[in-house]
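Asker: Sharing a structure, written as structure tokens. Questions coming.
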Amino acid sequence: MRGVQQFPEFSWSFSRASTLNSCPRKYYYAYYGSHNGWLLWRDDIPEIQKRTYRLKKLVSLPIVFGQIVHDQVERVLGDLFESGFIPTIDELEHLTRDHLNEAYLDSVKREQLWLERPSRHLMLAEIYYNKQLPKDEVAHYNERIRPTWEHFLRSETWQLLLTRGDELSFEQVEDFASIMIGDVRVWVVLDLLLYDQREDLWYIIDWKTGKRSDDDRMQLVLYAYYVAETFGVPFERIRLRNEYLQTGETSTFTPTEMDRKQLIHFFSHSVEDMRHYQKNKATNEPVAIDSFPKTEQSLQCQYCNYREVCLPSL
């Protein structure tokens, strides 16, 4: 293919590791089968890659809700830092509902635009496959909007910014960054990185709109590893915090050397698992698709973005 990298760069992230762990076939579609599919205008790109790329860009209602909240949090933090503007909860609720409605309209009225530019327009997976949103799920997220913002405005991080904002500096907000661990590029997305000038502490904040996960701690430790390596900060000067906006709970801890060792152990084994599916490690050419087994958890398949190409009978 002219001027196109035939295979994607091999890299690692928590989401990539999670995808492989949940279903190797899904991992294939997400990171190999959809590669170059964004080149929709090119005749030399196989249609299956374009189709798989479109499926990769489908988003479920829980994901859309989380994205909208994260985008609004990023905007609110930027406004506070730049001008000191503090929104009301009514404004936050109203904007969230507007964005959710826009996501719905994108899906039902602008399907052709999404087909042509899936990275620029939004398609809800529920509407793509079922032509409608489940009423109980719509009611659930409608009811969650205001409590989510109540929990945000009462969160430890927001209160810290309001009371001691002049002593804190924003180092990163929702930045997509990477670091090399050995010869592997590792991608991280920090929701918020703060430096406390008075206490000489670095705060890494992750806003969670979903339930607690067993991976939450390890994910934050990865972010701490990134900050330690990038800014030369010792672990003991880092505070890691998950703000659970669904429940209003907060979890804050200082990473330890044991956390670092567990992270590297997890990372190494995960990379080894990914390497198992490489036919050529130098080019990251994958083995044949049939060598990526499908999950035995059939319930996952009913909600998978790729069920159209993986299990057409569904």
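Each chain of the structure tokens is named A, B, ... in the order shown, its residues numbered from 1; ligands are numbered from 1 in display order.
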Using only C-alpha atoms, which protein or nucleic acid residues come within 10 Å of range 87-101 of chain A? Drop anything in the same chain fewer than 4 positions from it, and give the result as a count of residues only.

Answerer: 25

Asker: Give me, as a list in words, all polymer residues having an atom no more than 10 Å from Leu39 in chain A, counting only C-alpha atoms and skipping those fewer than 6 positions away in the same chain.

Answerer: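 Surrounding residues, per the criterion: Val4, Ile45, Pro46, Gln49, Lys50, Tyr53 and Arg117 of chain A.
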
Asker: What lies within 12 Å of Gly78 in chain A using only C-alpha atoms, ignoring chain neighbours under 5 positions off, as a ChimeraX atom specification?

Answerer: /A:71-73,83-87,161,169-174,192

Asker: Measure the distance from CA of Ala30 in chain A to CA of Tyr244 in chain A in Å and round it to one decimal.

Answerer: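 Calculated distance between CA of Ala30 in chain A and CA of Tyr244 in chain A is 27.7 Å.
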
Asker: Write out as a list in words the residues lying within 6 Å of range 209-226 of chain A, counting only C-alpha atoms and excluding same-chain residues fewer than 5 positions away.

Answerer: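 In the requested format, the answer is Gly66, Leu245 and Gln246 of chain A.
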
Asker: Any chance you could export the current selection's N, CA, C and O atoms as a PDB file, in the first residue's frame?

Answerer:
```pdb
ATOM      1  N   GLY A  66     -19.463   8.849  30.196  1.00  0.00           N
ATOM      2  CA  GLY A  66     -18.163   9.089  30.807  1.00  0.00           C
ATOM      3  C   GLY A  66     -17.341  10.107  30.047  1.00  0.00           C
ATOM      4  O   GLY A  66     -16.698  10.975  30.645  1.00  0.00           O
ATOM      5  N   LEU A 245     -17.154   9.463  40.865  1.00  0.00           N
ATOM      6  CA  LEU A 245     -18.247  10.419  40.755  1.00  0.00           C
ATOM      7  C   LEU A 245     -19.620   9.759  40.818  1.00  0.00           C
ATOM      8  O   LEU A 245     -20.618  10.440  41.028  1.00  0.00           O
ATOM      9  N   GLN A 246     -19.677   8.453  40.655  1.00  0.00           N
ATOM     10  CA  GLN A 246     -20.960   7.771  40.762  1.00  0.00           C
ATOM     11  C   GLN A 246     -21.414   7.682  42.220  1.00  0.00           C
ATOM     12  O   GLN A 246     -22.607   7.779  42.514  1.00  0.00           O
TER      13      GLN A 246
END
```

Asker: Could you check the closest approach to Leu58 in chain A for each of A:Leu299, A:Leu263, A:Cys304, A:Leu194 and tell me which residue wins, using only C-alpha atoms?

Answerer: A:Cys304

Asker: I need the residue nearest Ser270 in chain A from this list: A:Phe7, A:Phe81, A:Trp12, A:Trp38. Use only C-alpha atoms for the distance.

Answerer: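 Using only C-alpha atoms, Ser270 in chain A sits closest to A:Trp12.
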
Asker: Between CA of Thr230 in chain A and CA of Glu74 in chain A, what is the distance, to one decimal in Å?

Answerer: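 A separation of 22.0 Å between them.
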
Asker: Using only C-alpha atoms, which of the listed residues (A:Arg25, A:Arg42, A:Arg16, A:Arg54) sits closest to Gln300 in chain A?

Answerer: A:Arg25

Asker: For Asp259 in chain A, which residue among A:Glu236, A:Asp44, A:Asp183, A:Asp273 is the nearest when counting only C-alpha atoms?

Answerer: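 Looking only at the distances to Asp259 in chain A, the closest residue turns out to be A:Glu236.
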
Asker: Quick check, in Å to one decimal: how far apart do CA of Ser34 in chain A and CA of Ile289 in chain A lie?

Answerer: 12.4 Å

Asker: At a cut-off of 7 Å, using only C-alpha atoms, what residues contact Trp114 in chain A? Leave out same-chain residues fewer than 6 positions from it and give the result as a PyMOL selection string.

Answerer: chain A and resi 121-123

Asker: Export, as a JSON list (two decimals), in the first residue's frame, the selected residues with all heavy atoms.

Answerer:
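Listing of selection03.json after writing:
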```
[["chain", "number", "residue", "atom", "x", "y", "z"],
["A", 121, "HIS", "N", -17.74, 12.20, 13.84],
["A", 121, "HIS", "CA", -19.14, 12.11, 14.26],
["A", 121, "HIS", "C", -19.33, 10.90, 15.16],
["A", 121, "HIS", "O", -18.49, 10.00, 15.20],
["A", 121, "HIS", "CB", -20.05, 12.04, 13.04],
["A", 121, "HIS", "CG", -19.96, 13.24, 12.16],
["A", 121, "HIS", "ND1", -20.70, 14.38, 12.37],
["A", 121, "HIS", "CD2", -19.19, 13.50, 11.07],
["A", 121, "HIS", "CE1", -20.39, 15.28, 11.46],
["A", 121, "HIS", "NE2", -19.47, 14.78, 10.66],
["A", 122, "LEU", "N", -20.44, 10.88, 15.87],
["A", 122, "LEU", "CA", -20.64, 9.87, 16.90],
["A", 122, "LEU", "C", -21.77, 8.92, 16.51],
["A", 122, "LEU", "O", -22.79, 9.35, 15.95],
["A", 122, "LEU", "CB", -20.95, 10.57, 18.23],
["A", 122, "LEU", "CG", -20.99, 9.72, 19.49],
["A", 122, "LEU", "CD1", -20.44, 10.50, 20.67],
["A", 122, "LEU", "CD2", -22.42, 9.27, 19.78],
["A", 123, "MET", "N", -21.57, 7.66, 16.81],
["A", 123, "MET", "CA", -22.61, 6.66, 16.61],
["A", 123, "MET", "C", -22.71, 5.79, 17.86],
["A", 123, "MET", "O", -21.74, 5.13, 18.26],
["A", 123, "MET", "CB", -22.30, 5.79, 15.39],
["A", 123, "MET", "CG", -23.27, 4.63, 15.19],
["A", 123, "MET", "SD", -25.01, 5.13, 14.98],
["A", 123, "MET", "CE", -24.93, 5.91, 13.36]]
```

Asker: Pick from A:Tyr104, A:Tyr128, A:Trp207, A:Tyr195: nearest to Ser155 in chain A, with only C-alpha atoms counted?

Answerer: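 Once distances to Ser155 in chain A are computed over only C-alpha atoms, the minimum belongs to A:Trp207.
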